[in-house]
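Asker: Provided herewith is a single structure, encoded as structure tokens, for subsequent inquiry.
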Amino acid sequence: MWYYLFKYVFLGPLLRVLGRPRIEGLENIPDDGPAILASNHLAVMDSFFLPLMVHRRIYFLAKSEYFTGSGLKGGFQRWFFTAVGQIPIDRSGAEAAAGALGAARRQLDKGELMGMYPEGTRSPDGRLYKGKTGLARIALDAGVPVIPVAMINTHKLNPPGSILPRPAKIVVRVGKPLDFSRYDGLQGNRFIERAITDEIMYNLMELSGQQYVDIYAASLKNAPAQSGSSPDGGGDRGSTPAAA
């Protein structure tokens, strides 16, 4: 109930005024049945505008820190993210990652839509970064299509570190579903998972118009600042994802 109240009553109308959002390719999202929406990730607001523009309910995997805060703020945050369909995941190790994959699989088995960010974290500079293979593993295991989604201008409405949103024109661009059934039976093959991930990232690059950088965004965020170094820690390795 809270999900739809936030979408249509409490937050949705305000977001429509601030972002003047429109969606392209909505017909590419099925009216029923499981699928993964694989989106680029520019801002926290991605997880608000995508559900706002899609009729069906979308579930997201969210970092567990959103659910472990203390005090009044922590309690409200935990309630809010639970109410809007966020599923907490622990990103601290391999066992935690397996738990995240299991949580996503359970939602897909129920016929739901899962929203996932293959980059694993928000882009630090508006470019598109190398995708992690967990999404491909889930898609193969569950046997569901992957639908690429490009979020446009959410980082202008919600710049990193900002508190108050700034008016911007948001576009949600949905691509055609990607069918990976040709890889049935090859679950666990890391080369196949990398090939699938790179195909997804290529489609996101085409949809979003972002420059692609063949390194993980998290590695750039965690790297110590070096005077005179290039912003991508090694440079753009071409305009298309290269298989790792």
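Letters A, B, ... mark the chains of the structure tokens in the order given; residue numbers begin at 1 per chain; ligand numbers begin at 1, in order shown.
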Contacts between region 39-57 of chain A and region 68-109 of chain A, please, where a residue of region 68-109 of chain A counts if it comes within 10 Å (with only C-alpha atoms); show its shortest atom pair and distance in Å to one decimal, rows by chain and ascending number, as JSON lines.
Answerer:
{"residue": "A:Val84", "atom": "CA", "partner": "A:Arg57", "partner_atom": "CA", "distance": 9.3}
{"residue": "A:Gly85", "atom": "CA", "partner": "A:Arg57", "partner_atom": "CA", "distance": 8.3}
{"residue": "A:Gln86", "atom": "CA", "partner": "A:Ser47", "partner_atom": "CA", "distance": 9.3}
Asker: Just list the residues in region 5-240 of chain A DSSP gives alpha helix (DSSP H) on the backbone, as a PyMOL selection string.
Answerer: chain A and resi 5+12-19+46-53+71-83+94-109+134-142+154-157+190-208+217-222
Asker: Could you check which of A:Pro124, A:Gly115, A:Gly131, A:Gly209 is closest to His155 (chain A), using only C-alpha atoms?
Answerer: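 Closest residue, counting only C-alpha atoms: A:Pro124.
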Asker: Once you count only C-alpha atoms, what closest atom pair and distance in Å to one decimal does each residue of region 58-174 of chain A within 9 Å of region 19-33 of chain A have, with rows by chain and rising residue number, as JSON lines?
Answerer:
{"residue": "A:Leu108", "atom": "CA", "partner": "A:Gly33", "partner_atom": "CA", "distance": 8.3}
{"residue": "A:Lys110", "atom": "CA", "partner": "A:Gly33", "partner_atom": "CA", "distance": 8.4}
{"residue": "A:Gly111", "atom": "CA", "partner": "A:Gly33", "partner_atom": "CA", "distance": 4.6}
{"residue": "A:Glu112", "atom": "CA", "partner": "A:Gly33", "partner_atom": "CA", "distance": 6.4}
{"residue": "A:Leu113", "atom": "CA", "partner": "A:Gly33", "partner_atom": "CA", "distance": 7.7}
{"residue": "A:Val144", "atom": "CA", "partner": "A:Gly33", "partner_atom": "CA", "distance": 9.0}
{"residue": "A:Ile147", "atom": "CA", "partner": "A:Ile29", "partner_atom": "CA", "distance": 7.4}
{"residue": "A:Asn153", "atom": "CA", "partner": "A:Gly19", "partner_atom": "CA", "distance": 9.0}
{"residue": "A:Thr154", "atom": "CA", "partner": "A:Gly19", "partner_atom": "CA", "distance": 8.2}
{"residue": "A:Leu157", "atom": "CA", "partner": "A:Gly19", "partner_atom": "CA", "distance": 7.2}
{"residue": "A:Arg166", "atom": "CA", "partner": "A:Gly19", "partner_atom": "CA", "distance": 8.5}
{"residue": "A:Pro167", "atom": "CA", "partner": "A:Gly19", "partner_atom": "CA", "distance": 5.9}
{"residue": "A:Ala168", "atom": "CA", "partner": "A:Gly19", "partner_atom": "CA", "distance": 5.1}
{"residue": "A:Lys169", "atom": "CA", "partner": "A:Gly19", "partner_atom": "CA", "distance": 5.0}
{"residue": "A:Ile170", "atom": "CA", "partner": "A:Pro21", "partner_atom": "CA", "distance": 4.5}
{"residue": "A:Val171", "atom": "CA", "partner": "A:Arg22", "partner_atom": "CA", "distance": 5.2}
{"residue": "A:Val172", "atom": "CA", "partner": "A:Ile23", "partner_atom": "CA", "distance": 4.6}
{"residue": "A:Arg173", "atom": "CA", "partner": "A:Glu24", "partner_atom": "CA", "distance": 4.8}
{"residue": "A:Val174", "atom": "CA", "partner": "A:Gly25", "partner_atom": "CA", "distance": 4.8}
Asker: Could the residues in this selection be written to a file with all heavy atoms, as a CSV table (one decimal), in the first residue's frame?
Answerer:
chain,number,residue,atom,x,y,z
A,108,LEU,N,12.0,-12.7,-8.7
A,108,LEU,CA,11.8,-13.1,-10.1
A,108,LEU,C,10.9,-14.4,-10.2
A,108,LEU,O,10.1,-14.5,-11.1
A,108,LEU,CB,13.1,-13.4,-10.8
A,108,LEU,CG,14.0,-12.1,-11.0
A,108,LEU,CD1,15.4,-12.5,-11.5
A,108,LEU,CD2,13.3,-11.2,-12.1
A,110,LYS,N,8.6,-15.1,-8.3
A,110,LYS,CA,7.2,-14.6,-8.1
A,110,LYS,C,6.6,-13.9,-9.3
A,110,LYS,O,5.5,-13.4,-9.2
A,110,LYS,CB,7.2,-13.7,-6.9
A,110,LYS,CG,7.6,-14.3,-5.6
A,110,LYS,CD,7.6,-13.3,-4.4
A,110,LYS,CE,8.1,-13.9,-3.1
A,110,LYS,NZ,8.2,-12.8,-2.1
A,111,GLY,N,7.4,-13.7,-10.3
A,111,GLY,CA,6.9,-13.0,-11.5
A,111,GLY,C,7.1,-11.5,-11.5
A,111,GLY,O,6.4,-10.8,-12.2
A,112,GLU,N,8.0,-11.1,-10.6
A,112,GLU,CA,8.1,-9.6,-10.4
A,112,GLU,C,9.2,-9.0,-11.3
A,112,GLU,O,10.0,-9.7,-12.0
A,112,GLU,CB,8.5,-9.3,-8.9
A,112,GLU,CG,7.5,-9.9,-7.9
A,112,GLU,CD,6.2,-9.1,-7.9
A,112,GLU,OE1,6.0,-8.2,-8.6
A,112,GLU,OE2,5.4,-9.5,-7.0
A,113,LEU,N,9.2,-7.7,-11.4
A,113,LEU,CA,10.3,-6.9,-12.0
A,113,LEU,C,11.4,-6.6,-11.0
A,113,LEU,O,11.1,-6.1,-9.9
A,113,LEU,CB,9.7,-5.6,-12.6
A,113,LEU,CG,8.8,-5.7,-13.8
A,113,LEU,CD1,8.4,-4.3,-14.3
A,113,LEU,CD2,9.5,-6.4,-15.0
A,144,VAL,N,15.4,-15.3,-17.3
A,144,VAL,CA,14.5,-14.1,-17.6
A,144,VAL,C,15.2,-13.2,-18.6
A,144,VAL,O,16.4,-13.1,-18.6
A,144,VAL,CB,14.1,-13.4,-16.3
A,144,VAL,CG1,13.4,-14.4,-15.4
A,144,VAL,CG2,15.4,-12.8,-15.6
A,147,ILE,N,16.1,-6.1,-19.7
A,147,ILE,CA,15.6,-4.9,-20.4
A,147,ILE,C,16.5,-3.8,-20.0
A,147,ILE,O,16.5,-3.3,-18.9
A,147,ILE,CB,14.2,-4.6,-20.1
A,147,ILE,CG1,13.3,-5.9,-20.4
A,147,ILE,CG2,13.7,-3.4,-20.8
A,147,ILE,CD1,11.9,-5.7,-19.9
A,153,ASN,N,19.7,12.6,-17.2
A,153,ASN,CA,19.6,13.9,-16.4
A,153,ASN,C,19.3,13.8,-15.0
A,153,ASN,O,19.1,14.8,-14.3
A,153,ASN,CB,18.7,14.9,-17.1
A,153,ASN,CG,19.2,15.4,-18.4
A,153,ASN,OD1,20.4,15.4,-18.7
A,153,ASN,ND2,18.3,15.8,-19.3
A,154,THR,N,19.2,12.6,-14.4
A,154,THR,CA,18.9,12.5,-13.0
A,154,THR,C,20.0,13.1,-12.1
A,154,THR,O,19.8,13.6,-11.0
A,154,THR,CB,18.6,11.0,-12.6
A,154,THR,OG1,19.7,10.2,-13.1
A,154,THR,CG2,17.3,10.5,-13.1
A,157,LEU,N,19.3,16.8,-11.6
A,157,LEU,CA,18.3,17.1,-10.6
A,157,LEU,C,18.8,16.8,-9.2
A,157,LEU,O,18.5,17.5,-8.3
A,157,LEU,CB,17.1,16.3,-10.9
A,157,LEU,CG,15.9,16.5,-10.0
A,157,LEU,CD1,14.6,16.5,-10.8
A,157,LEU,CD2,15.8,15.4,-8.9
A,166,ARG,N,17.2,19.9,-7.8
A,166,ARG,CA,17.2,21.1,-8.7
A,166,ARG,C,16.4,20.7,-10.0
A,166,ARG,O,16.6,19.6,-10.5
A,166,ARG,CB,18.7,21.4,-9.2
A,166,ARG,CG,19.6,21.6,-8.0
A,166,ARG,CD,21.0,21.7,-8.4
A,166,ARG,NE,21.9,21.8,-7.3
A,166,ARG,CZ,23.3,21.9,-7.3
A,166,ARG,NH1,23.8,21.9,-8.5
A,166,ARG,NH2,24.0,22.0,-6.2
A,167,PRO,N,15.5,21.6,-10.4
A,167,PRO,CA,14.7,21.2,-11.6
A,167,PRO,C,15.5,20.8,-12.8
A,167,PRO,O,16.6,21.4,-13.1
A,167,PRO,CB,14.0,22.5,-11.8
A,167,PRO,CG,13.9,23.2,-10.5
A,167,PRO,CD,15.2,22.9,-9.9
A,168,ALA,N,15.1,19.7,-13.4
A,168,ALA,CA,15.8,19.2,-14.6
A,168,ALA,C,14.8,18.4,-15.4
A,168,ALA,O,13.8,18.0,-14.8
A,168,ALA,CB,17.0,18.4,-14.2
A,169,LYS,N,15.0,18.2,-16.7
A,169,LYS,CA,14.1,17.4,-17.5
A,169,LYS,C,14.6,16.0,-17.6
A,169,LYS,O,15.6,15.7,-18.2
A,169,LYS,CB,14.0,18.0,-18.9
A,169,LYS,CG,12.8,17.4,-19.7
A,169,LYS,CD,12.6,18.3,-21.0
A,169,LYS,CE,11.4,17.7,-21.8
A,169,LYS,NZ,10.2,17.7,-21.0
A,170,ILE,N,13.9,15.1,-17.0
A,170,ILE,CA,14.3,13.7,-16.8
A,170,ILE,C,13.7,12.8,-18.0
A,170,ILE,O,12.5,13.0,-18.3
A,170,ILE,CB,13.8,13.1,-15.5
A,170,ILE,CG1,14.3,13.9,-14.3
A,170,ILE,CG2,14.3,11.6,-15.4
A,170,ILE,CD1,15.8,14.1,-14.3
A,171,VAL,N,14.5,12.0,-18.6
A,171,VAL,CA,14.0,11.1,-19.6
A,171,VAL,C,14.4,9.6,-19.1
A,171,VAL,O,15.5,9.4,-18.7
A,171,VAL,CB,14.7,11.3,-21.0
A,171,VAL,CG1,14.2,10.3,-22.0
A,171,VAL,CG2,14.3,12.8,-21.4
A,172,VAL,N,13.4,8.7,-19.2
A,172,VAL,CA,13.6,7.3,-19.0
A,172,VAL,C,13.5,6.6,-20.4
A,172,VAL,O,12.4,6.6,-21.0
A,172,VAL,CB,12.6,6.7,-18.0
A,172,VAL,CG1,12.9,5.2,-17.8
A,172,VAL,CG2,12.7,7.5,-16.7
A,173,ARG,N,14.6,6.0,-20.8
A,173,ARG,CA,14.6,5.5,-22.2
A,173,ARG,C,14.8,3.9,-22.0
A,173,ARG,O,15.8,3.4,-21.5
A,173,ARG,CB,15.8,6.1,-23.0
A,173,ARG,CG,15.8,5.7,-24.4
A,173,ARG,CD,16.8,6.6,-25.2
A,173,ARG,NE,16.4,8.0,-25.2
A,173,ARG,CZ,17.3,9.0,-25.1
A,173,ARG,NH1,18.6,8.8,-25.1
A,173,ARG,NH2,16.9,10.3,-25.1
A,174,VAL,N,13.8,3.2,-22.5
A,174,VAL,CA,13.7,1.7,-22.3
A,174,VAL,C,14.1,1.1,-23.7
A,174,VAL,O,13.4,1.3,-24.7
A,174,VAL,CB,12.4,1.3,-21.8
A,174,VAL,CG1,12.4,-0.2,-21.6
A,174,VAL,CG2,12.0,2.0,-20.6
Asker: Which neighbours of Arg105 (chain A) fall inside 8 Å, counting only C-alpha atoms, when residues of the same chain fewer than 4 positions from it are skipped, and could you give them as a list in words?
Answerer: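 With the cut-off at 8 Å, the set is Leu101, Asp109, Ile138 and Ala142 of chain A.
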Asker: List as a list in words the protein and nucleic acid residues near Leu128 (chain A), meaning an atom at most 9 Å away when only C-alpha atoms are counted, but skip any in the same chain fewer than 3 places from it.
Answerer: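 Using only C-alpha atoms, the neighbours found are Asn40, His41, Leu42, Glu119, Ser123, Asp125, Gly131, Met201, Leu204, Met205, Ser208, Gln210, Gln211, Tyr212, Val213, Asp214 and Ala217 of chain A.
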Asker: Got time to write the residues from that selection, all heavy atoms, as a compact mmCIF listing (two decimals), in the first residue's frame?
Answerer:
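Generated file (selection_12.txt):
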# COMPACT_ATOMS: atom_id res chain seq x y z
N ASN A 40 21.55 2.19 -16.11
CA ASN A 40 22.72 2.96 -15.70
C ASN A 40 22.39 3.64 -14.37
O ASN A 40 21.23 3.67 -13.95
CB ASN A 40 23.10 3.99 -16.78
CG ASN A 40 21.99 5.02 -17.03
OD1 ASN A 40 20.80 4.76 -16.79
ND2 ASN A 40 22.37 6.18 -17.52
N HIS A 41 23.40 4.19 -13.70
CA HIS A 41 23.15 4.71 -12.35
C HIS A 41 23.87 6.05 -12.18
O HIS A 41 25.07 6.09 -11.94
CB HIS A 41 23.64 3.70 -11.32
CG HIS A 41 23.05 3.89 -9.96
ND1 HIS A 41 21.98 4.72 -9.70
CD2 HIS A 41 23.40 3.36 -8.75
CE1 HIS A 41 21.68 4.67 -8.41
NE2 HIS A 41 22.53 3.87 -7.82
N LEU A 42 23.09 7.13 -12.30
CA LEU A 42 23.65 8.47 -12.20
C LEU A 42 23.40 9.13 -10.86
O LEU A 42 24.19 9.98 -10.42
CB LEU A 42 23.06 9.35 -13.30
CG LEU A 42 23.42 8.99 -14.76
CD1 LEU A 42 22.58 9.83 -15.71
CD2 LEU A 42 24.90 9.20 -15.00
N GLU A 119 26.52 -1.41 -12.90
CA GLU A 119 27.76 -0.72 -12.51
C GLU A 119 28.06 -0.93 -11.02
O GLU A 119 29.20 -0.74 -10.59
CB GLU A 119 27.66 0.77 -12.82
CG GLU A 119 27.64 1.10 -14.30
CD GLU A 119 27.30 2.55 -14.55
OE1 GLU A 119 26.09 2.88 -14.60
OE2 GLU A 119 28.23 3.36 -14.71
N SER A 123 27.67 6.47 -10.90
CA SER A 123 28.79 7.00 -11.67
C SER A 123 29.35 8.22 -10.97
O SER A 123 28.60 9.12 -10.58
CB SER A 123 28.33 7.38 -13.08
OG SER A 123 29.34 8.10 -13.77
N ASP A 125 31.16 10.56 -12.32
CA ASP A 125 31.37 11.71 -13.19
C ASP A 125 30.44 11.75 -14.41
O ASP A 125 30.69 12.46 -15.37
CB ASP A 125 32.83 11.75 -13.68
CG ASP A 125 33.26 10.44 -14.35
OD1 ASP A 125 32.38 9.64 -14.72
OD2 ASP A 125 34.47 10.21 -14.47
N GLY A 131 30.43 -3.03 -16.15
CA GLY A 131 29.41 -3.72 -15.39
C GLY A 131 29.95 -4.92 -14.63
O GLY A 131 30.88 -5.59 -15.09
N MET A 201 25.99 -3.65 -21.17
CA MET A 201 26.60 -2.34 -21.06
C MET A 201 26.66 -1.64 -22.41
O MET A 201 26.50 -0.41 -22.50
CB MET A 201 28.00 -2.45 -20.45
CG MET A 201 28.05 -3.09 -19.06
SD MET A 201 26.84 -2.41 -17.90
CE MET A 201 27.43 -0.74 -17.71
N LEU A 204 23.32 -0.17 -22.95
CA LEU A 204 23.14 1.01 -22.11
C LEU A 204 23.89 2.21 -22.67
O LEU A 204 23.41 3.34 -22.62
CB LEU A 204 23.60 0.71 -20.68
CG LEU A 204 22.69 -0.20 -19.85
CD1 LEU A 204 23.29 -0.44 -18.48
CD2 LEU A 204 21.30 0.40 -19.72
N MET A 205 25.08 1.96 -23.20
CA MET A 205 25.85 3.04 -23.81
C MET A 205 25.10 3.63 -25.01
O MET A 205 25.02 4.85 -25.18
CB MET A 205 27.22 2.52 -24.24
CG MET A 205 28.13 3.59 -24.84
SD MET A 205 29.63 2.88 -25.54
CE MET A 205 28.94 2.03 -26.97
N SER A 208 21.92 5.58 -23.65
CA SER A 208 22.16 6.76 -22.82
C SER A 208 23.01 7.81 -23.51
O SER A 208 22.94 9.00 -23.15
CB SER A 208 22.86 6.35 -21.51
OG SER A 208 24.18 5.88 -21.77
N GLN A 210 26.14 7.91 -23.12
CA GLN A 210 27.27 8.15 -22.22
C GLN A 210 28.57 7.63 -22.82
O GLN A 210 28.58 6.66 -23.57
CB GLN A 210 27.04 7.46 -20.87
CG GLN A 210 25.94 8.04 -20.02
CD GLN A 210 25.64 7.15 -18.83
OE1 GLN A 210 24.90 6.17 -18.94
NE2 GLN A 210 26.24 7.47 -17.69
N GLN A 211 29.66 8.24 -22.43
CA GLN A 211 30.98 7.72 -22.75
C GLN A 211 31.25 6.51 -21.86
O GLN A 211 30.98 6.54 -20.67
CB GLN A 211 32.05 8.79 -22.51
CG GLN A 211 33.47 8.32 -22.81
CD GLN A 211 34.52 9.36 -22.43
OE1 GLN A 211 34.18 10.38 -21.84
NE2 GLN A 211 35.75 9.11 -22.77
N TYR A 212 31.77 5.44 -22.47
CA TYR A 212 32.04 4.22 -21.71
C TYR A 212 33.49 4.19 -21.25
O TYR A 212 34.41 4.51 -22.00
CB TYR A 212 31.75 2.99 -22.57
CG TYR A 212 32.06 1.69 -21.85
CD1 TYR A 212 31.18 1.17 -20.91
CD2 TYR A 212 33.26 1.01 -22.09
CE1 TYR A 212 31.47 0.00 -20.23
CE2 TYR A 212 33.55 -0.16 -21.41
CZ TYR A 212 32.65 -0.66 -20.48
OH TYR A 212 32.95 -1.81 -19.80
N VAL A 213 33.67 3.76 -19.99
CA VAL A 213 35.01 3.62 -19.41
C VAL A 213 35.16 2.20 -18.91
O VAL A 213 34.34 1.71 -18.12
CB VAL A 213 35.21 4.61 -18.24
CG1 VAL A 213 36.65 4.52 -17.72
CG2 VAL A 213 34.91 6.04 -18.68
N ASP A 214 36.19 1.51 -19.35
CA ASP A 214 36.35 0.08 -19.06
C ASP A 214 37.07 -0.19 -17.74
O ASP A 214 38.04 -0.94 -17.67
CB ASP A 214 37.10 -0.59 -20.22
CG ASP A 214 36.98 -2.11 -20.17
OD1 ASP A 214 35.98 -2.61 -19.61
OD2 ASP A 214 37.88 -2.80 -20.69
N ALA A 217 33.45 1.52 -11.56
CA ALA A 217 33.26 2.81 -10.91
C ALA A 217 33.73 2.79 -9.46
O ALA A 217 34.30 3.76 -8.97
CB ALA A 217 31.78 3.21 -10.97
